[in-house]
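One file, structure.tsv, is given below (TSV, C-alpha atoms).
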```tsv
chain	number	residue	atom	x	y	z
A	1	GLN	CA	189.92	87.68	137.11
A	2	VAL	CA	187.70	84.73	137.91
A	3	GLN	CA	189.28	82.06	140.08
A	4	LEU	CA	188.04	78.89	141.74
A	5	VAL	CA	190.06	77.47	144.61
A	6	GLU	CA	189.38	73.97	145.92
A	7	SER	CA	190.39	72.76	149.35
A	8	GLY	CA	189.64	69.93	151.74
A	9	GLY	CA	191.26	67.00	150.00
A	10	GLY	CA	193.53	64.58	151.78
A	11	LEU	CA	194.11	61.00	152.83
A	12	VAL	CA	191.24	59.11	154.44
A	13	GLN	CA	190.50	55.48	155.18
A	14	THR	CA	187.76	53.49	153.50
A	15	GLY	CA	184.43	54.46	155.01
A	16	GLY	CA	185.66	57.89	156.04
A	17	SER	CA	184.42	61.35	155.12
A	18	LEU	CA	185.79	64.53	153.64
A	19	ARG	CA	184.27	67.87	152.72
A	20	LEU	CA	185.63	69.65	149.70
A	21	SER	CA	185.21	73.39	149.33
A	22	CYS	CA	185.26	75.52	146.20
A	23	THR	CA	185.58	79.23	146.84
A	24	ALA	CA	185.28	81.74	144.04
A	25	SER	CA	186.74	85.16	143.48
A	26	GLY	CA	185.83	87.58	140.73
A	27	VAL	CA	182.39	86.07	140.30
A	28	SER	CA	179.27	85.28	142.30
A	29	LEU	CA	178.83	81.53	142.29
A	30	ASP	CA	175.09	81.76	142.82
A	31	ASN	CA	174.78	83.00	139.26
A	32	TYR	CA	176.25	79.79	137.89
A	33	SER	CA	175.75	76.07	137.92
A	34	VAL	CA	178.80	74.47	139.51
A	35	THR	CA	180.06	70.99	138.72
A	36	TRP	CA	182.50	68.79	140.58
A	37	PHE	CA	184.59	66.62	138.27
A	38	ARG	CA	187.16	64.05	139.24
A	39	GLN	CA	189.97	62.29	137.46
A	40	ALA	CA	191.60	59.15	138.78
A	41	PRO	CA	195.07	58.10	137.62
A	42	GLY	CA	194.88	56.54	134.16
A	43	LYS	CA	191.15	57.12	133.85
A	44	ASP	CA	188.93	59.55	132.03
A	45	ARG	CA	187.60	62.59	133.78
A	46	GLU	CA	184.05	62.19	135.02
A	47	ALA	CA	181.40	64.57	136.29
A	48	VAL	CA	180.49	63.68	139.85
A	49	SER	CA	177.86	66.20	140.85
A	50	CYS	CA	176.31	69.49	139.81
A	51	ILE	CA	174.26	72.16	141.54
A	52	ARG	CA	172.16	74.37	139.31
A	53	ARG	CA	172.07	78.14	139.54
A	54	ARG	CA	169.04	79.80	141.03
A	55	ASP	CA	166.87	76.75	141.78
A	56	THR	CA	169.82	74.85	143.35
A	57	LEU	CA	168.62	71.49	142.09
A	58	THR	CA	171.36	68.91	142.54
A	59	TYR	CA	172.49	65.98	140.43
A	60	TYR	CA	174.85	63.07	140.98
A	61	THR	CA	176.50	60.39	138.94
A	62	ASP	CA	175.27	56.90	139.76
A	63	ARG	CA	178.66	56.07	141.29
A	64	VAL	CA	178.04	58.48	144.18
A	65	SER	CA	174.26	58.65	144.36
A	66	GLY	CA	172.29	57.21	147.23
A	67	GLY	CA	173.49	59.81	149.70
A	68	ARG	CA	177.23	59.14	149.68
A	69	PHE	CA	177.98	62.59	148.25
A	70	THR	CA	176.09	65.82	148.82
A	71	ILE	CA	176.67	69.05	146.93
A	72	SER	CA	175.58	72.37	148.41
A	73	ARG	CA	176.31	76.06	148.22
A	74	ASP	CA	176.72	78.88	150.72
A	75	ASN	CA	176.11	82.08	148.81
A	76	ALA	CA	177.23	84.27	151.70
A	77	LYS	CA	180.65	82.60	151.53
A	78	ASN	CA	180.61	82.34	147.73
A	79	THR	CA	181.45	78.68	148.17
A	80	VAL	CA	180.20	75.34	146.89
A	81	TYR	CA	180.81	72.21	148.93
A	82	LEU	CA	181.02	68.51	148.19
A	83	GLN	CA	180.42	66.45	151.31
A	84	MET	CA	181.71	62.95	150.73
A	85	SER	CA	181.00	60.04	153.04
A	86	SER	CA	181.36	56.25	152.99
A	87	LEU	CA	184.41	56.80	150.82
A	88	LYS	CA	185.79	53.93	148.80
A	89	PRO	CA	189.23	53.41	147.25
A	90	GLU	CA	187.66	53.94	143.83
A	91	ASP	CA	186.81	57.51	144.90
A	92	THR	CA	190.53	58.29	144.85
A	93	ALA	CA	191.07	61.09	142.33
A	94	VAL	CA	191.84	64.73	141.83
A	95	TYR	CA	188.60	66.64	142.29
A	96	TYR	CA	187.97	69.80	140.32
A	97	CYS	CA	185.41	72.52	140.82
A	98	VAL	CA	184.17	73.89	137.52
A	99	ILE	CA	181.95	76.58	136.11
A	100	ASP	CA	181.32	74.57	132.98
A	101	ARG	CA	180.21	75.94	129.65
A	102	SER	CA	179.35	72.43	128.54
A	103	TYR	CA	176.46	70.38	129.83
A	104	THR	CA	176.83	67.24	131.93
A	105	TYR	CA	174.15	64.58	132.08
A	106	TYR	CA	172.64	62.78	135.03
A	107	GLY	CA	170.05	60.18	134.22
A	108	GLY	CA	168.61	62.25	131.41
A	109	ARG	CA	168.80	65.56	133.24
A	110	ILE	CA	171.35	68.19	132.41
A	111	CYS	CA	173.38	70.73	134.33
A	112	GLY	CA	175.97	73.33	133.35
A	113	GLY	CA	175.70	75.39	130.20
A	114	ASN	CA	177.22	78.46	131.76
A	115	THR	CA	178.49	81.49	129.89
A	116	LEU	CA	181.89	81.04	131.51
A	117	ASN	CA	184.30	78.12	131.52
A	118	VAL	CA	186.51	78.16	134.63
A	119	TRP	CA	188.38	75.32	136.33
A	120	GLY	CA	189.98	75.22	139.73
A	121	GLN	CA	193.42	73.76	140.28
A	122	GLY	CA	192.08	70.57	141.82
A	123	THR	CA	192.41	68.89	145.20
A	124	LEU	CA	193.63	65.33	145.69
A	125	VAL	CA	191.49	62.82	147.54
A	126	THR	CA	193.13	59.53	148.44
A	127	VAL	CA	191.11	56.75	150.03
A	128	SER	CA	193.18	53.97	151.51
A	129	SER	CA	191.91	50.39	151.73
```

Would it be possible to restate this file's structure as structure tokens?
Amino acid sequence: QVQLVESGGGLVQTGGSLRLSCTASGVSLDNYSVTWFRQAPGKDREAVSCIRRRDTLTYYTDRVSGGRFTISRDNAKNTVYLQMSSLKPEDTAVYYCVIDRSYTYYGGRICGGNTLNVWGQGTLVTVSS
């Protein structure tokens, strides 16, 4: 059974940092593009960042581009990370790690399109003002 488990969320002050982890079981993450989504209370879910399989190109939504967030993978640990810095209250959301069958779009470039569709349970990030 394929599972994704996120960790690393918590409460942080504005300007602080957190690193989210997404560890997989039942599948090798390096064979898949992995997307981080987030959903804030009362808002639509949005794709935040994606790392492509094999070539490990990375993409970010404009809201977190400019170096605030960095996605990476450690194949030896079968884990994908989302390093978040300069956090803002508007970053408050539940963050989900996803092997997404659908594509997500980043300035005209696409990521995702996997053969599987697997979601983690989510981890809550709260940024206080």

What does the distance from CA of Gly112 (chain A) to CA of Asp55 (chain A) come to in Å, to one decimal? 12.9 Å

From the list A:Leu20, A:Leu29, A:Ala47, A:Val127, which residue is nearest Thr70 (chain A) when using all atoms listed in the file? A:Leu20

Grab all the atoms of region 51-56 of chain A that the file lists, wrap them in a box along x, y and z, add 5 Å per side, and give me centre plus edge lengths in Å (one decimal) as JSON.
```
{"center_x": 170.6, "center_y": 76.0, "center_z": 141.3, "size_x": 17.4, "size_y": 17.6, "size_z": 14.0}
```

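The residue that comes closest to Gln39 (chain A), out of A:Ile99, A:Ser17, A:Thr61, A:Asp91 and on the basis of all atoms listed in the file, is A:Asp91.
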
Between CA of Leu116 (chain A) and CA of Val27 (chain A) - distance in Å to one decimal: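 So the answer is 10.1 Å.
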
Within 7 Å of Cys22 (chain A), counting all atoms listed in the file, which residues show up once you throw out same-chain ones fewer than 6 positions away? Write them as a PyMOL selection string, please. chain A and resi 4-7+79-81+97

Using only C-alpha atoms, I'd like a table of the residues in region 50-99 of chain A that come within 12 Å of region 108-111 of chain A; for each, show the closest atom pair and its distance in Å rounded to one decimal, ordered by chain and ascending number, as a tab-separated table.
```
residue	atom	partner	partner_atom	distance
A:Cys50	CA	A:Cys111	CA	6.3
A:Ile51	CA	A:Cys111	CA	7.4
A:Arg52	CA	A:Cys111	CA	6.3
A:Arg53	CA	A:Cys111	CA	9.2
A:Asp55	CA	A:Cys111	CA	11.6
A:Thr56	CA	A:Cys111	CA	10.5
A:Leu57	CA	A:Cys111	CA	9.1
A:Thr58	CA	A:Cys111	CA	8.6
A:Tyr59	CA	A:Cys111	CA	7.8
A:Tyr60	CA	A:Arg109	CA	10.1
A:Thr61	CA	A:Arg109	CA	10.9
A:Asp62	CA	A:Gly108	CA	11.9
A:Val98	CA	A:Cys111	CA	11.7
A:Ile99	CA	A:Cys111	CA	10.5
```

Length of the CA of Val94 (chain A) to CA of Val48 (chain A) vector [Å]: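 About the pair CA of Val94 (chain A) and CA of Val48 (chain A): they are 11.6 Å apart.
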
Using only C-alpha atoms: which of A:Gly120, A:Gly67, A:Gly10, A:Pro41 has the shortest distance to Ser85 (chain A):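 Of A:Gly120, A:Gly67, A:Gly10, A:Pro41, the one nearest Ser85 (chain A) is A:Gly67, counting only C-alpha atoms.
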
Find the residues near Val125 (chain A): any atom within 6 Å, counting only C-alpha atoms, skip ones fewer than 2 places away on the same chain, and give them as a PyMOL selection string. chain A and resi 9-10+92-93

Include C-alpha atoms and write out the residues we just selected as a tab-separated table (two decimals), keeping the file's coordinate frame.
```tsv
chain	number	residue	atom	x	y	z
A	9	GLY	CA	191.26	67.00	150.00
A	10	GLY	CA	193.53	64.58	151.78
A	92	THR	CA	190.53	58.29	144.85
A	93	ALA	CA	191.07	61.09	142.33
```

Smallest atom-to-atom distance to Ser25 (chain A): which of A:Asp100, A:Asn78, A:Leu87, A:Gly42, using all atoms listed in the file?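 Of A:Asp100, A:Asn78, A:Leu87, A:Gly42, the one nearest Ser25 (chain A) is A:Asn78, counting all atoms listed in the file.
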
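Closest approach to Arg54 (chain A) among A:Gln1, A:Phe69, A:Trp36, A:Ser28: A:Ser28, based on all atoms listed in the file.
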
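Residue nearest Gly113 (chain A) within the list A:Leu18, A:Val34, A:Val2, A:Val12: A:Val34 [criterion: smallest interatomic distance, all atoms listed in the file].
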